[in-house]
$ cat my_file-v8.txt   # compact mmCIF, C-alpha atoms
# COMPACT_ATOMS: atom_id res chain seq x y z
CA MET A 1 11.79 8.80 -16.16
CA TYR A 2 8.72 6.66 -16.78
CA ASP A 3 9.10 4.20 -19.66
CA GLU A 4 6.19 1.84 -20.27
CA LYS A 5 8.33 -0.29 -22.59
CA VAL A 6 10.54 -1.23 -19.64
CA LEU A 7 7.47 -2.28 -17.65
CA GLU A 8 6.13 -4.32 -20.55
CA GLU A 9 9.31 -6.41 -20.51
CA TYR A 10 8.48 -7.65 -17.02
CA ILE A 11 4.72 -7.46 -16.59
CA ASN A 12 3.98 -10.94 -17.94
CA HIS A 13 6.56 -12.72 -15.82
CA PRO A 14 4.77 -15.19 -13.50
CA LYS A 15 6.28 -13.51 -10.43
CA CYS A 16 4.88 -10.13 -11.41
CA ILE A 17 1.51 -9.87 -9.69
CA ALA A 18 1.12 -6.09 -9.38
CA VAL A 19 2.22 -2.71 -10.69
CA GLY A 20 4.28 -0.67 -8.30
CA GLU A 21 5.44 0.51 -5.93
CA CYS A 22 4.10 3.71 -7.43
CA GLY A 23 2.43 6.80 -6.06
CA LEU A 24 3.06 10.24 -4.67
CA ASP A 25 5.72 11.31 -2.18
CA TYR A 26 5.73 14.95 -1.08
CA PHE A 27 8.11 14.42 1.85
CA ARG A 28 11.22 15.92 0.26
CA LEU A 29 9.99 18.46 -2.27
CA PRO A 30 12.25 21.26 -3.56
CA GLU A 31 12.05 24.49 -1.57
CA ASP A 32 11.76 26.68 -4.66
CA GLU A 33 8.04 27.12 -5.32
CA GLU A 34 8.27 26.69 -9.10
CA GLU A 35 10.43 23.57 -8.77
CA LYS A 36 8.03 22.22 -6.17
CA LYS A 37 5.03 22.69 -8.49
CA ALA A 38 6.92 21.06 -11.36
CA ASN A 39 7.94 18.11 -9.17
CA ILE A 40 4.38 17.53 -7.98
CA ALA A 41 3.01 17.81 -11.53
CA LYS A 42 5.57 15.28 -12.79
CA GLN A 43 4.81 12.85 -9.95
CA LYS A 44 1.10 13.06 -10.75
CA GLU A 45 1.73 12.55 -14.46
CA VAL A 46 3.83 9.42 -13.86
CA PHE A 47 1.41 8.06 -11.24
CA ILE A 48 -1.53 8.46 -13.62
CA ALA A 49 0.43 6.73 -16.39
CA GLN A 50 1.18 3.83 -14.02
CA ILE A 51 -2.49 3.60 -13.07
CA GLU A 52 -3.48 3.45 -16.74
CA PHE A 53 -0.83 0.78 -17.33
CA ALA A 54 -2.17 -1.31 -14.40
CA LYS A 55 -5.66 -1.07 -15.86
CA LYS A 56 -4.37 -2.06 -19.30
CA VAL A 57 -2.66 -5.20 -17.95
CA ASN A 58 -5.35 -5.84 -15.28
CA LYS A 59 -3.02 -6.00 -12.28
CA PRO A 60 -3.45 -4.34 -8.90
CA LEU A 61 -1.44 -1.33 -7.80
CA ILE A 62 1.01 -1.18 -4.92
CA VAL A 63 0.60 2.46 -3.91
CA HIS A 64 3.09 4.59 -2.01
CA VAL A 65 1.56 7.61 -0.25
CA ARG A 66 3.79 9.92 1.74
CA GLU A 67 2.49 13.34 2.79
CA ALA A 68 0.19 13.22 -0.25
CA SER A 69 -3.06 11.69 1.01
CA ASN A 70 -5.41 14.24 -0.59
CA ASP A 71 -3.91 14.10 -4.07
CA SER A 72 -3.44 10.33 -3.93
CA LYS A 73 -7.05 9.68 -2.98
CA GLN A 74 -8.36 12.07 -5.61
CA ILE A 75 -6.28 10.53 -8.39
CA LEU A 76 -7.17 6.97 -7.41
CA ILE A 77 -10.87 7.84 -7.49
CA ASP A 78 -10.76 10.10 -10.57
CA TYR A 79 -8.92 7.51 -12.65
CA ASP A 80 -11.39 4.75 -11.80
CA THR A 81 -8.97 2.30 -10.23
CA LYS A 82 -11.75 0.11 -8.86
CA GLN A 83 -11.27 -2.47 -11.63
CA VAL A 84 -7.71 -3.20 -10.45
CA GLY A 85 -7.64 -2.04 -6.83
CA GLY A 86 -4.46 -2.55 -4.91
CA VAL A 87 -2.66 -2.01 -1.64
CA LEU A 88 -1.94 1.23 0.16
CA HIS A 89 1.59 0.14 1.03
CA CYS A 90 2.73 1.07 4.54
CA TYR A 91 -0.66 2.64 5.17
CA ASN A 92 0.01 6.03 6.76
CA ALA A 93 -3.01 6.07 9.11
CA SER A 94 -4.73 8.88 7.22
CA GLU A 95 -8.47 8.54 7.79
CA HIS A 96 -8.87 10.53 4.59
CA LEU A 97 -7.84 7.38 2.68
CA LEU A 98 -10.38 5.03 4.32
CA PRO A 99 -13.00 5.52 1.54
CA LEU A 100 -10.56 3.82 -0.85
CA ALA A 101 -11.70 0.52 0.68
CA GLU A 102 -14.81 0.95 -1.47
CA HIS A 103 -12.53 1.15 -4.52
CA ASN A 104 -10.93 -2.26 -3.92
CA PHE A 105 -7.96 -0.94 -2.00
CA TYR A 106 -6.43 -2.88 0.85
CA PHE A 107 -4.48 -1.37 3.70
CA GLY A 108 -0.95 -2.70 4.15
CA ILE A 109 -0.05 -2.80 7.82
CA GLY A 110 3.58 -3.34 8.75
CA GLY A 111 6.05 -2.91 11.55
CA VAL A 112 4.96 0.65 12.35
CA LEU A 113 1.92 -0.81 14.15
CA THR A 114 4.26 -2.12 16.87
CA PHE A 115 6.05 1.20 17.44
CA LYS A 116 5.45 3.13 20.67
CA ASN A 117 4.65 6.28 18.68
CA ALA A 118 2.08 4.60 16.40
CA LYS A 119 -0.86 6.19 18.20
CA LYS A 120 -2.65 7.34 15.03
CA LEU A 121 -2.36 3.95 13.32
CA ILE A 122 -3.53 2.20 16.50
CA GLU A 123 -6.53 4.56 16.61
CA VAL A 124 -7.42 4.11 12.92
CA LEU A 125 -6.85 0.35 12.65
CA PRO A 126 -10.33 -0.64 13.96
CA LYS A 127 -11.92 1.69 11.37
CA ILE A 128 -10.41 -0.23 8.44
CA PRO A 129 -12.84 -2.84 7.09
CA LYS A 130 -11.46 -6.22 8.19
CA ASP A 131 -11.81 -7.60 4.67
CA LYS A 132 -9.34 -4.93 3.51
CA LEU A 133 -6.48 -5.61 5.95
CA ILE A 134 -3.17 -7.05 4.77
CA ILE A 135 0.00 -7.59 6.76
CA GLU A 136 3.19 -6.63 4.97
CA THR A 137 6.84 -5.95 5.45
CA ASP A 138 8.79 -3.01 4.14
CA GLY A 139 12.02 -5.00 4.24
CA PRO A 140 14.65 -3.99 4.93
CA TYR A 141 12.98 -1.05 6.72
CA LEU A 142 10.41 -0.45 9.47
CA THR A 143 11.30 -3.54 11.47
CA PRO A 144 8.72 -4.28 14.18
CA HIS A 145 9.41 -4.02 17.88
CA PRO A 146 11.33 -5.75 19.51
CA PHE A 147 13.75 -5.89 16.55
CA ARG A 148 13.50 -2.24 15.54
CA GLY A 149 16.81 -1.01 14.20
CA LYS A 150 17.71 -4.36 12.65
CA ARG A 151 17.18 -5.40 9.05
CA ASN A 152 13.48 -6.20 8.49
CA GLU A 153 12.63 -9.69 7.27
CA PRO A 154 9.29 -11.25 6.25
CA TYR A 155 9.42 -13.48 9.34
CA TYR A 156 8.98 -10.42 11.55
CA THR A 157 5.45 -9.93 10.28
CA VAL A 158 4.42 -12.32 13.08
CA PHE A 159 4.94 -9.41 15.48
CA VAL A 160 2.62 -7.24 13.39
CA ALA A 161 0.02 -10.03 13.43
CA ASP A 162 0.31 -10.34 17.20
CA LYS A 163 -0.19 -6.60 17.70
CA MET A 164 -3.09 -6.53 15.25
CA ALA A 165 -4.74 -9.44 17.06
CA GLU A 166 -4.37 -7.64 20.37
CA LEU A 167 -5.81 -4.37 19.07
CA LEU A 168 -8.72 -5.95 17.19
CA GLU A 169 -9.47 -8.39 19.99
CA MET A 170 -9.02 -11.39 17.74
CA THR A 171 -6.84 -14.45 18.02
CA ARG A 172 -3.56 -14.59 16.18
CA GLU A 173 -4.96 -17.50 14.14
CA GLU A 174 -7.97 -15.39 13.11
CA ILE A 175 -5.64 -12.57 12.00
CA ASP A 176 -3.44 -14.99 10.07
CA ASN A 177 -6.46 -16.49 8.30
CA LEU A 178 -8.09 -13.12 7.63
CA THR A 179 -5.06 -11.34 6.20
CA THR A 180 -3.96 -14.35 4.16
CA LYS A 181 -7.46 -14.69 2.69
CA ASN A 182 -7.48 -10.96 1.88
CA ALA A 183 -4.11 -11.08 0.12
CA ILE A 184 -5.10 -14.14 -1.91
CA LYS A 185 -8.37 -12.49 -2.90
CA LEU A 186 -6.68 -9.29 -4.02
CA PHE A 187 -3.94 -10.89 -6.05
CA LYS A 188 -6.07 -13.63 -7.58
CA GLU A 189 -9.05 -11.43 -8.36
CA PHE A 190 -7.08 -8.73 -10.13
CA SER A 191 -4.12 -10.59 -11.59
CA SER A 192 -3.32 -13.50 -13.83
CA LEU A 193 -2.57 -15.86 -10.93
CA SER A 194 -4.32 -19.16 -11.38
$ encode --input "my_file-v8.txt" --output "structure tokens"
Amino acid sequence: MYDEKVLEEYINHPKCIAVGECGLDYFRLPEDEEEKKANIAKQKEVFIAQIEFAKKVNKPLIVHVREASNDSKQILIDYDTKQVGGVLHCYNASEHLLPLAEHNFYFGIGGVLTFKNAKKLIEVLPKIPKDKLIIETDGPYLTPHPFRGKRNEPYYTVFVADKMAELLEMTREEIDNLTTKNAIKLFKEFSSLS
């Protein structure tokens, strides 16, 4: 259940730099059609409330999108999230979401990029504006190759950076500088960080 009062208790803590992880997840919806519709409607209602809260406190969103690219994009555009922007956490390689770059959304790239079956993400990566790329972890999950299957740790993002550098034909140092600059810009521009 969504309770804004709970969020308000934490939002002004210096370590709180964003609202989320929030969003839509249609991966495990109920099979009953009426329950499914109700579940989707409730997810949308809570997501919209979280967007409005992020706008109220002027902090970016950390957005979860799983099997819900169309609805997620539409809500993020319809509810004018440009003022706060955010990160599409564990970006799912949906080209449908690429226009969100124009709405101050960054694309969080994690360990999946190093997986052998990441063909779609590898194909889409060069289409993401470079000034909207961020490297992230989904610790403890989605550990990059060659440590897949082990607990994910922030240190392993170096393997994501290496793969990104290879695919974008950049040096690892250029990737490090680019993604760090992007993260700093996002979280300083839209949060209370000084």
$ residues_around --input "my_file-v8.txt" --residues "segment 112-125 of chain A" --least-positions-apart "3" --cutoff "10 Å" --atoms "all atoms listed in the file" --output "VMD selection string"
chain A and resid 90 to 95 98 107 109 128 to 130 133 137 to 138 141 to 146 148 159 to 164 167 to 168
$ closest_residue --input "my_file-v8.txt" --among "A:Leu97, A:Val57, A:Ile48, A:Ala68" --to "Tyr26 of chain A" --atoms "only C-alpha atoms"
A:Ala68
$ closest_residue --input "my_file-v8.txt" --among "A:Gly110, A:Leu24, A:Ile40, A:Leu29" --to "Lys73 of chain A" --atoms "only C-alpha atoms"
A:Leu24
$ atom_distance --input "my_file-v8.txt" --atom1 "atom CA of Ile77 of chain A" --atom2 "atom CA of Leu186 of chain A"
18.0 Å
$ residues_around --input "my_file-v8.txt" --residues "Val65 of chain A" --least-positions-apart "2" --cutoff "7 Å" --atoms "only C-alpha atoms" --output "list in words"
Gly23, Leu24, Asp25, Val63, Glu67, Ala68, Ser69 and Ser72 of chain A
$ atom_distance --input "my_file-v8.txt" --atom1 "atom CA of Pro126 of chain A" --atom2 "atom CA of Leu76 of chain A"
22.9 Å
$ residues_around --input "my_file-v8.txt" --residues "Thr179 of chain A" --least-positions-apart "4" --cutoff "10 Å" --atoms "all atoms listed in the file" --output "PDB file with C-alpha atoms, keeping the file's coordinate frame"
ATOM      1  CA  GLY A 108      -0.950  -2.700   4.150  1.00  0.00           C
ATOM      2  CA  LYS A 130     -11.460  -6.220   8.190  1.00  0.00           C
ATOM      3  CA  ASP A 131     -11.810  -7.600   4.670  1.00  0.00           C
ATOM      4  CA  LYS A 132      -9.340  -4.930   3.510  1.00  0.00           C
ATOM      5  CA  LEU A 133      -6.480  -5.610   5.950  1.00  0.00           C
ATOM      6  CA  ILE A 134      -3.170  -7.050   4.770  1.00  0.00           C
ATOM      7  CA  ILE A 135       0.000  -7.590   6.760  1.00  0.00           C
ATOM      8  CA  GLU A 136       3.190  -6.630   4.970  1.00  0.00           C
ATOM      9  CA  ALA A 161       0.020 -10.030  13.430  1.00  0.00           C
ATOM     10  CA  GLU A 174      -7.970 -15.390  13.110  1.00  0.00           C
ATOM     11  CA  ILE A 175      -5.640 -12.570  12.000  1.00  0.00           C
ATOM     12  CA  ALA A 183      -4.110 -11.080   0.120  1.00  0.00           C
ATOM     13  CA  ILE A 184      -5.100 -14.140  -1.910  1.00  0.00           C
ATOM     14  CA  LYS A 185      -8.370 -12.490  -2.900  1.00  0.00           C
TER      15      LYS A 185
END
$ closest_residue --input "my_file-v8.txt" --among "A:Thr81, A:Asn152, A:Asn177, A:Asn182" --to "Ala165 of chain A" --atoms "all atoms listed in the file"
A:Asn177
$ atom_distance --input "my_file-v8.txt" --atom1 "atom CA of Ala54 of chain A" --atom2 "atom CA of Phe27 of chain A"
24.8 Å
